[in-house]
$ cat final16.cif   # mmCIF, C-alpha atoms
data_work
loop_
_atom_site.label_atom_id
_atom_site.label_comp_id
_atom_site.auth_asym_id
_atom_site.auth_seq_id
_atom_site.Cartn_x
_atom_site.Cartn_y
_atom_site.Cartn_z
CA MET A 1 25.61 -18.96 51.57
CA ARG A 2 22.42 -16.87 51.81
CA VAL A 3 21.67 -14.89 48.63
CA LEU A 4 18.96 -12.39 47.69
CA VAL A 5 18.12 -11.97 43.99
CA VAL A 6 16.41 -8.64 43.25
CA GLU A 7 15.24 -8.65 39.62
CA ASP A 8 11.96 -7.37 38.15
CA SER A 9 11.91 -9.94 35.34
CA GLU A 10 10.29 -12.87 37.12
CA PRO A 11 11.48 -15.53 34.60
CA LEU A 12 15.08 -14.31 34.92
CA ALA A 13 14.86 -13.98 38.71
CA GLU A 14 13.53 -17.51 39.10
CA ALA A 15 16.07 -18.92 36.64
CA VAL A 16 18.94 -17.31 38.54
CA ALA A 17 17.50 -18.49 41.86
CA ARG A 18 17.11 -22.08 40.62
CA GLY A 19 20.64 -22.11 39.31
CA LEU A 20 22.14 -20.77 42.54
CA ARG A 21 20.10 -23.25 44.57
CA ARG A 22 21.58 -26.06 42.47
CA GLU A 23 24.95 -24.75 43.61
CA GLY A 24 23.88 -25.28 47.22
CA MET A 25 22.97 -21.69 48.09
CA ALA A 26 19.88 -20.57 50.03
CA VAL A 27 18.16 -18.05 47.75
CA ASP A 28 15.30 -15.58 48.25
CA VAL A 29 13.75 -13.53 45.42
CA ALA A 30 12.36 -9.98 45.31
CA LEU A 31 10.72 -8.62 42.14
CA ASP A 32 11.02 -4.92 42.93
CA GLY A 33 13.25 -2.55 44.85
CA LEU A 34 10.91 -2.01 47.79
CA SER A 35 10.54 -5.76 48.39
CA GLY A 36 14.28 -6.12 48.08
CA HIS A 37 14.78 -3.37 50.66
CA GLU A 38 12.35 -5.03 53.07
CA LYS A 39 13.96 -8.46 52.76
CA SER A 40 17.53 -7.11 53.06
CA SER A 41 16.52 -5.14 56.16
CA ILE A 42 15.17 -8.24 57.90
CA THR A 43 17.61 -10.96 56.81
CA ARG A 44 21.41 -10.92 56.81
CA TYR A 45 22.42 -11.93 53.29
CA ASP A 46 25.95 -12.82 52.25
CA VAL A 47 25.38 -11.55 48.70
CA VAL A 48 22.67 -9.54 46.94
CA VAL A 49 22.36 -10.02 43.17
CA LEU A 50 20.82 -6.67 42.27
CA ASP A 51 19.29 -5.51 39.01
CA ARG A 52 20.04 -1.82 38.54
CA ASP A 53 16.77 -0.88 36.83
CA LEU A 54 13.98 -1.74 39.29
CA PRO A 55 10.43 -0.47 39.87
CA GLY A 56 9.49 1.04 43.23
CA MET A 57 13.08 1.68 44.33
CA SER A 58 16.04 1.78 42.00
CA GLY A 59 18.91 -0.63 42.28
CA ASP A 60 21.24 2.31 42.91
CA ALA A 61 19.13 3.46 45.86
CA LEU A 62 18.87 -0.04 47.29
CA CYS A 63 22.61 -0.55 46.94
CA ALA A 64 23.19 2.71 48.83
CA GLU A 65 20.84 1.54 51.61
CA ILE A 66 22.68 -1.78 51.96
CA VAL A 67 26.05 -0.02 52.08
CA ALA A 68 24.77 2.53 54.62
CA SER A 69 23.56 -0.28 56.89
CA GLU A 70 27.22 -1.29 57.39
CA ALA A 71 26.27 -4.94 57.02
CA SER A 72 28.78 -7.46 55.69
CA THR A 73 26.51 -8.03 52.68
CA ARG A 74 28.22 -7.87 49.28
CA VAL A 75 26.40 -6.52 46.22
CA ILE A 76 26.78 -7.55 42.59
CA MET A 77 24.87 -5.35 40.17
CA LEU A 78 23.26 -6.64 37.00
CA THR A 79 22.55 -4.26 34.15
CA ALA A 80 21.72 -4.24 30.47
CA SER A 81 24.58 -1.83 29.84
CA GLY A 82 28.15 -3.00 29.69
CA ALA A 83 29.59 0.46 29.03
CA LEU A 84 32.65 1.34 31.11
CA ALA A 85 31.04 4.55 32.38
CA ASP A 86 28.07 2.58 33.73
CA LYS A 87 30.35 0.06 35.43
CA VAL A 88 32.35 2.84 37.08
CA ASP A 89 29.14 4.58 38.17
CA GLY A 90 27.70 1.37 39.66
CA LEU A 91 30.88 0.58 41.57
CA SER A 92 31.12 4.16 42.82
CA ARG A 93 27.70 3.73 44.44
CA GLY A 94 29.02 0.96 46.64
CA ALA A 95 28.52 -2.18 44.55
CA ASP A 96 31.26 -4.78 45.01
CA ASP A 97 30.96 -6.20 41.50
CA TYR A 98 29.17 -5.49 38.23
CA LEU A 99 27.95 -7.87 35.54
CA ALA A 100 26.35 -6.90 32.23
CA LYS A 101 23.38 -8.77 30.74
CA PRO A 102 23.35 -11.18 29.05
CA PHE A 103 25.84 -13.08 31.16
CA ASP A 104 27.14 -16.64 31.35
CA PHE A 105 25.69 -18.33 34.42
CA PRO A 106 28.97 -20.02 35.48
CA GLU A 107 30.54 -16.55 35.63
CA LEU A 108 27.74 -15.29 37.87
CA VAL A 109 28.20 -18.27 40.19
CA ALA A 110 31.96 -17.68 40.37
CA ARG A 111 31.46 -13.99 41.15
CA VAL A 112 28.84 -14.69 43.82
CA ARG A 113 31.13 -17.24 45.47
CA ALA A 114 34.06 -14.81 45.36
CA LEU A 115 31.96 -12.11 47.02
CA GLY A 116 30.76 -14.60 49.64
CA ARG A 117 34.38 -15.32 50.56
CA ARG A 118 34.93 -11.61 51.10
CA ALA A 119 32.16 -11.40 53.68
CA SER A 120 33.21 -10.46 57.19
CA PRO A 121 34.89 -12.43 58.60
CA ALA A 122 36.59 -13.57 55.41
CA VAL A 123 36.30 -17.28 54.68
CA PRO A 124 39.26 -19.15 53.13
CA PRO A 125 38.73 -21.03 49.84
CA LEU A 126 39.36 -24.40 51.58
CA LEU A 127 37.88 -25.12 55.02
CA VAL A 128 39.77 -27.60 57.18
CA ALA A 129 38.99 -29.01 60.62
CA GLY A 130 41.04 -31.98 61.76
CA ASP A 131 40.98 -34.54 58.95
CA VAL A 132 37.87 -33.00 57.33
CA ALA A 133 38.35 -30.73 54.30
CA LEU A 134 35.52 -28.86 52.59
CA ASP A 135 35.91 -27.11 49.24
CA PRO A 136 33.01 -24.64 48.73
CA ALA A 137 33.79 -24.03 45.05
CA LYS A 138 34.08 -27.69 44.05
CA ARG A 139 31.27 -28.71 46.44
CA THR A 140 33.36 -31.55 47.84
CA VAL A 141 33.97 -32.90 51.33
CA ARG A 142 36.72 -35.34 52.23
CA ARG A 143 37.58 -37.02 55.50
CA ALA A 144 41.01 -38.57 55.79
CA GLU A 145 41.18 -38.18 51.99
CA ALA A 146 38.02 -40.28 51.49
CA PRO A 147 35.10 -38.50 49.74
CA VAL A 148 31.92 -37.91 51.76
CA GLU A 149 28.68 -37.60 49.79
CA LEU A 150 26.33 -35.00 51.26
CA THR A 151 23.00 -33.46 50.30
CA ARG A 152 22.91 -29.72 49.57
CA LYS A 153 21.56 -28.88 53.02
CA GLU A 154 24.02 -31.15 54.80
CA PHE A 155 26.83 -29.52 52.84
CA GLY A 156 25.48 -26.05 53.68
CA VAL A 157 25.29 -26.81 57.41
CA LEU A 158 28.84 -28.18 57.46
CA GLU A 159 30.10 -25.19 55.46
CA VAL A 160 28.60 -22.72 57.95
CA LEU A 161 29.91 -24.65 60.96
CA MET A 162 33.43 -25.00 59.57
CA GLY A 163 33.41 -21.39 58.37
CA ALA A 164 32.69 -20.27 61.94
CA ARG A 165 36.22 -21.46 62.86
CA GLY A 166 35.34 -23.03 66.17
CA ALA A 167 32.61 -20.60 67.20
CA VAL A 168 29.19 -21.86 68.26
CA VAL A 169 26.44 -21.50 65.66
CA SER A 170 22.83 -21.57 66.84
CA SER A 171 20.08 -23.59 65.19
CA GLU A 172 18.38 -20.31 64.31
CA GLU A 173 21.44 -19.04 62.48
CA LEU A 174 21.84 -22.32 60.60
CA LEU A 175 18.21 -22.12 59.55
CA GLU A 176 18.72 -18.55 58.34
CA ARG A 177 21.97 -19.20 56.51
CA VAL A 178 21.22 -22.57 54.85
CA TRP A 179 17.47 -22.54 54.25
CA ASP A 180 15.43 -19.82 52.51
CA GLU A 181 12.60 -17.60 53.74
CA ASN A 182 10.04 -20.37 53.29
CA ALA A 183 11.56 -22.49 56.07
CA ASP A 184 9.37 -23.02 59.12
CA PRO A 185 11.15 -21.41 62.12
CA PHE A 186 9.68 -24.11 64.40
CA THR A 187 10.85 -27.02 62.29
CA THR A 188 13.22 -29.75 63.53
CA THR A 189 14.95 -29.86 60.14
CA VAL A 190 18.23 -28.42 61.50
CA ARG A 191 18.46 -31.08 64.22
CA VAL A 192 17.61 -33.85 61.76
CA THR A 193 20.14 -32.56 59.19
CA VAL A 194 22.90 -32.38 61.82
CA MET A 195 22.05 -35.94 62.89
CA THR A 196 22.37 -37.34 59.35
CA LEU A 197 25.49 -35.25 58.75
CA ARG A 198 27.14 -36.75 61.82
CA LYS A 199 26.39 -40.27 60.59
CA LYS A 200 27.90 -39.57 57.18
CA LEU A 201 31.05 -38.00 58.64
CA GLY A 202 31.55 -41.00 60.92
CA GLU A 203 33.70 -41.41 64.01
CA PRO A 204 35.30 -39.77 65.84
CA GLY A 205 32.57 -37.14 65.93
CA VAL A 206 33.23 -33.82 64.21
CA ILE A 207 30.20 -31.75 65.23
CA GLU A 208 29.82 -30.90 68.90
CA THR A 209 26.51 -29.94 70.54
CA VAL A 210 26.74 -27.00 72.93
CA VAL A 211 23.69 -27.40 75.15
CA GLY A 212 21.39 -24.39 75.00
CA ALA A 213 23.53 -22.63 72.39
CA GLY A 214 23.91 -24.65 69.19
CA TYR A 215 26.63 -26.57 67.39
CA ARG A 216 30.33 -26.17 66.69
CA VAL A 217 33.12 -27.80 64.73
CA PRO A 218 36.45 -27.29 66.54
CA ALA A 219 38.89 -25.29 64.44
CA ALA A 220 41.97 -26.92 62.96
CA GLY A 221 44.78 -27.17 65.46
#

$ encode --input "final16.cif" --output "structure tokens"
Amino acid sequence: MRVLVVEDSEPLAEAVARGLRREGMAVDVALDGLSGHEKSSITRYDVVVLDRDLPGMSGDALCAEIVASEASTRVIMLTASGALADKVDGLSRGADDYLAKPFDFPELVARVRALGRRASPAVPPLLVAGDVALDPAKRTVRRAEAPVELTRKEFGVLEVLMGARGAVVSSEELLERVWDENADPFTTTVRVTVMTLRKKLGEPGVIETVVGAGYRVPAAG
């Protein structure tokens, strides 16, 4: 899952980003509304964690821009006010969810994951392909009921491939969805990660290479 955190408090933004990265998400950070607008215009994010009170461009305005772009991006607003009127106002501006500060981090993670599942096309809570089952919430992978231990990036690659339901996913899209903005676009890290992932999943092979296009995991059935 690719997430953008837009929060003008740098300590809070970095803390949220670190926590989401520990959950296996690829996270970028913007410290003001204008930077958030620029990043969201360039990169397709699954979820934007958006502070409502931002310098440069308000969270309300940025939310409206994201909604107007007709992207599949989901927005969860963060605010210091938990008043019902503020929640209603935030949701009426196009936000998909609303969380008042201070918040419990596990709740934020759960809400971000729920919004990610509502992205278009919707992704089921349990991904299955043949005898491989991946649970995004529990961060587990099993093959023929045996657990498979994966690194965060290996898990992220497999999650994107299985979530594509048999469609081909390019190396460029994997790099965009699983790694953050600091990833080198000319790196071989995707190819290397797929190679180690194949070894861990074992035989028969699960991930197919489509020459000149990318990779795919055949859909169940």

$ atom_distance --input "final16.cif" --atom1 "CA of Arg21 (chain A)" --atom2 "CA of Arg216 (chain A)"
24.5 Å

$ closest_atom_pairs --input "final16.cif" --of "region 95-156 of chain A" --to "region 70-76 of chain A" --cutoff "8 Å" --atoms "only C-alpha atoms" --output "Markdown table"
| residue | atom | partner | partner_atom | distance |
| --- | --- | --- | --- | --- |
| A:Ala95 | CA | A:Val75 | CA | 5.1 |
| A:Asp96 | CA | A:Val75 | CA | 5.3 |
| A:Asp97 | CA | A:Ile76 | CA | 4.5 |
| A:Tyr98 | CA | A:Ile76 | CA | 5.4 |
| A:Leu99 | CA | A:Ile76 | CA | 7.2 |
| A:Val112 | CA | A:Ile76 | CA | 7.5 |
| A:Leu115 | CA | A:Arg74 | CA | 6.1 |
| A:Gly116 | CA | A:Arg74 | CA | 7.2 |
| A:Arg118 | CA | A:Arg74 | CA | 7.9 |
| A:Ala119 | CA | A:Ser72 | CA | 5.6 |
| A:Ser120 | CA | A:Ser72 | CA | 5.6 |

$ write_last_selection --input "final16.cif" --atoms "C-alpha atoms" --output "CSV table (one decimal), keeping the file's coordinate frame"
chain,number,residue,atom,x,y,z
A,95,ALA,CA,28.5,-2.2,44.6
A,96,ASP,CA,31.3,-4.8,45.0
A,97,ASP,CA,31.0,-6.2,41.5
A,98,TYR,CA,29.2,-5.5,38.2
A,99,LEU,CA,28.0,-7.9,35.5
A,112,VAL,CA,28.8,-14.7,43.8
A,115,LEU,CA,32.0,-12.1,47.0
A,116,GLY,CA,30.8,-14.6,49.6
A,118,ARG,CA,34.9,-11.6,51.1
A,119,ALA,CA,32.2,-11.4,53.7
A,120,SER,CA,33.2,-10.5,57.2

$ closest_residue --input "final16.cif" --among "A:Lys138, A:Arg117, A:Arg2, A:Arg152" --to "Thr43 (chain A)" --atoms "all atoms listed in the file"
A:Arg2

$ residues_around --input "final16.cif" --residues "Leu62 (chain A)" --least-positions-apart "2" --cutoff "12 Å" --atoms "only C-alpha atoms" --output "MDAnalysis selection string"
chainID A and resid 6 32:41 48:60 64:69 75:77 90 93:95

$ residues_around --input "final16.cif" --residues "Glu149 (chain A)" --least-positions-apart "5" --cutoff "10 Å" --atoms "all atoms listed in the file" --output "JSON, numbers by chain"
{"A": [139, 140, 141, 142, 154, 155, 197, 200, 201]}

$ resolve_selection --input "final16.cif" --expression "the PyMOL selection byres ((chain A and resi 195) around 12)" --output "list in words"
Glu154, Val157, Leu158, Thr188, Thr189, Val190, Arg191, Val192, Thr193, Val194, Thr196, Leu197, Arg198, Lys199, Lys200, Leu201, Gly202, Gly205, Val206, Ile207, Glu208, Thr209 and Tyr215 of chain A

$ closest_residue --input "final16.cif" --among "A:Val29, A:Ala213, A:Ala13, A:Leu161" --to "Asn182 (chain A)" --atoms "only C-alpha atoms"
A:Val29

$ resolve_selection --input "final16.cif" --expression "the PyMOL selection byres ((chain A and resi 171) around 8)" --output "number ranges by chain"
A: 169-170, 172-175, 190-191, 214-215

$ atom_distance --input "final16.cif" --atom1 "CA of Gly166 (chain A)" --atom2 "CA of Val3 (chain A)"
23.7 Å

$ closest_residue --input "final16.cif" --among "A:Glu181, A:Asp104, A:Asp131, A:Glu10" --to "Glu203 (chain A)" --atoms "all atoms listed in the file"
A:Asp131

$ atom_distance --input "final16.cif" --atom1 "CA of Leu127 (chain A)" --atom2 "CA of Gly163 (chain A)"
6.7 Å

$ closest_residue --input "final16.cif" --among "A:Val132, A:Pro218, A:Val5, A:Val16" --to "Glu107 (chain A)" --atoms "only C-alpha atoms"
A:Val16

$ residues_around --input "final16.cif" --residues "Ala26 (chain A)" --least-positions-apart "3" --cutoff "6 Å" --atoms "all atoms listed in the file" --output "list of chain:residue names"
A:Arg2, A:Val178, A:Trp179, A:Asp180

$ decode --input "final16.cif" --residues "region 35-138 of chain A" --atoms "C-alpha atoms" --output "mmCIF file, in the first residue's frame"
data_model
loop_
_atom_site.group_PDB
_atom_site.id
_atom_site.type_symbol
_atom_site.label_atom_id
_atom_site.label_comp_id
_atom_site.auth_asym_id
_atom_site.auth_seq_id
_atom_site.Cartn_x
_atom_site.Cartn_y
_atom_site.Cartn_z
ATOM 1 C CA SER A 35 3.982 19.871 -1.061
ATOM 2 C CA GLY A 36 1.168 17.431 -0.421
ATOM 3 C CA HIS A 37 -0.637 18.667 -3.532
ATOM 4 C CA GLU A 38 2.495 18.279 -5.648
ATOM 5 C CA LYS A 39 3.211 14.750 -4.425
ATOM 6 C CA SER A 40 -0.414 13.600 -4.790
ATOM 7 C CA SER A 41 -0.510 15.005 -8.326
ATOM 8 C CA ILE A 42 2.554 13.022 -9.378
ATOM 9 C CA THR A 43 2.116 9.724 -7.518
ATOM 10 C CA ARG A 44 -0.944 7.495 -7.256
ATOM 11 C CA TYR A 45 -1.455 6.920 -3.541
ATOM 12 C CA ASP A 46 -3.856 4.378 -2.079
ATOM 13 C CA VAL A 47 -4.454 6.509 1.026
ATOM 14 C CA VAL A 48 -3.617 10.072 2.074
ATOM 15 C CA VAL A 49 -3.412 10.757 5.821
ATOM 16 C CA LEU A 50 -4.242 14.453 5.803
ATOM 17 C CA ASP A 51 -3.988 17.012 8.584
ATOM 18 C CA ARG A 52 -6.811 19.510 8.222
ATOM 19 C CA ASP A 53 -4.896 22.577 9.431
ATOM 20 C CA LEU A 54 -1.939 23.012 7.056
ATOM 21 C CA PRO A 55 0.203 25.963 5.941
ATOM 22 C CA GLY A 56 0.346 26.916 2.267
ATOM 23 C CA MET A 57 -2.804 25.019 1.299
ATOM 24 C CA SER A 58 -5.439 23.876 3.739
ATOM 25 C CA GLY A 59 -6.287 20.241 4.241
ATOM 26 C CA ASP A 60 -9.842 20.983 3.102
ATOM 27 C CA ALA A 61 -8.580 22.446 -0.180
ATOM 28 C CA LEU A 62 -6.172 19.575 -0.763
ATOM 29 C CA CYS A 63 -8.898 17.040 -0.040
ATOM 30 C CA ALA A 64 -11.131 18.769 -2.598
ATOM 31 C CA GLU A 65 -8.316 18.628 -5.187
ATOM 32 C CA ILE A 66 -7.796 14.899 -4.615
ATOM 33 C CA VAL A 67 -11.527 14.217 -4.912
ATOM 34 C CA ALA A 68 -11.792 16.362 -8.058
ATOM 35 C CA SER A 69 -8.959 14.398 -9.686
ATOM 36 C CA GLU A 70 -11.259 11.332 -9.681
ATOM 37 C CA ALA A 71 -8.364 9.163 -8.526
ATOM 38 C CA SER A 72 -9.001 6.035 -6.470
ATOM 39 C CA THR A 73 -7.094 7.638 -3.574
ATOM 40 C CA ARG A 74 -8.852 7.524 -0.203
ATOM 41 C CA VAL A 75 -8.457 10.350 2.319
ATOM 42 C CA ILE A 76 -8.470 10.161 6.117
ATOM 43 C CA MET A 77 -8.450 13.553 7.810
ATOM 44 C CA LEU A 78 -6.667 14.237 11.073
ATOM 45 C CA THR A 79 -7.753 17.149 13.227
ATOM 46 C CA ALA A 80 -7.417 18.507 16.729
ATOM 47 C CA SER A 81 -11.185 18.808 16.977
ATOM 48 C CA GLY A 82 -13.369 15.809 17.642
ATOM 49 C CA ALA A 83 -16.627 17.773 17.574
ATOM 50 C CA LEU A 84 -19.422 16.155 15.567
ATOM 51 C CA ALA A 85 -19.921 19.300 13.460
ATOM 52 C CA ASP A 86 -16.256 19.235 12.408
ATOM 53 C CA LYS A 87 -16.453 15.550 11.509
ATOM 54 C CA VAL A 88 -19.556 16.127 9.401
ATOM 55 C CA ASP A 89 -17.917 19.121 7.709
ATOM 56 C CA GLY A 90 -14.739 17.163 6.924
ATOM 57 C CA LEU A 91 -16.656 14.225 5.474
ATOM 58 C CA SER A 92 -18.854 16.553 3.438
ATOM 59 C CA ARG A 93 -15.723 17.888 1.733
ATOM 60 C CA GLY A 94 -14.954 14.458 0.340
ATOM 61 C CA ALA A 95 -12.876 12.818 3.066
ATOM 62 C CA ASP A 96 -13.490 9.081 3.427
ATOM 63 C CA ASP A 97 -12.711 8.972 7.147
ATOM 64 C CA TYR A 98 -11.973 11.328 10.021
ATOM 65 C CA LEU A 99 -9.818 10.839 13.108
ATOM 66 C CA ALA A 100 -9.398 13.291 15.973
ATOM 67 C CA LYS A 101 -6.042 13.959 17.650
ATOM 68 C CA PRO A 102 -4.731 12.514 19.851
ATOM 69 C CA PHE A 103 -5.415 9.079 18.423
ATOM 70 C CA ASP A 104 -4.340 5.523 19.168
ATOM 71 C CA PHE A 105 -1.914 4.374 16.493
ATOM 72 C CA PRO A 106 -3.447 0.877 16.083
ATOM 73 C CA GLU A 107 -6.747 2.589 15.235
ATOM 74 C CA LEU A 108 -5.056 4.716 12.571
ATOM 75 C CA VAL A 109 -3.460 1.606 11.053
ATOM 76 C CA ALA A 110 -6.805 -0.210 11.006
ATOM 77 C CA ARG A 111 -8.526 2.752 9.349
ATOM 78 C CA VAL A 112 -5.777 3.152 6.739
ATOM 79 C CA ARG A 113 -5.964 -0.554 5.894
ATOM 80 C CA ALA A 114 -9.764 -0.395 5.640
ATOM 81 C CA LEU A 115 -9.533 2.554 3.249
ATOM 82 C CA GLY A 116 -6.877 0.745 1.211
ATOM 83 C CA ARG A 117 -9.266 -2.175 0.743
ATOM 84 C CA ARG A 118 -11.861 0.237 -0.617
ATOM 85 C CA ALA A 119 -9.547 1.448 -3.363
ATOM 86 C CA SER A 120 -10.636 0.748 -6.913
ATOM 87 C CA PRO A 121 -10.701 -2.094 -7.699
ATOM 88 C CA ALA A 122 -11.659 -3.253 -4.218
ATOM 89 C CA VAL A 123 -9.293 -5.770 -2.662
ATOM 90 C CA PRO A 124 -10.694 -8.614 -0.512
ATOM 91 C CA PRO A 125 -9.429 -8.994 3.078
ATOM 92 C CA LEU A 126 -7.789 -12.366 2.228
ATOM 93 C CA LEU A 127 -5.884 -12.825 -1.043
ATOM 94 C CA VAL A 128 -5.744 -16.361 -2.420
ATOM 95 C CA ALA A 129 -3.987 -17.768 -5.475
ATOM 96 C CA GLY A 130 -3.776 -21.546 -5.739
ATOM 97 C CA ASP A 131 -2.451 -22.832 -2.416
ATOM 98 C CA VAL A 132 -1.007 -19.428 -1.424
ATOM 99 C CA ALA A 133 -3.000 -17.271 1.015
ATOM 100 C CA LEU A 134 -1.990 -13.749 2.030
ATOM 101 C CA ASP A 135 -3.626 -11.872 4.891
ATOM 102 C CA PRO A 136 -2.812 -8.121 4.604
ATOM 103 C CA ALA A 137 -4.107 -7.267 8.089
ATOM 104 C CA LYS A 138 -2.262 -10.036 9.933
#
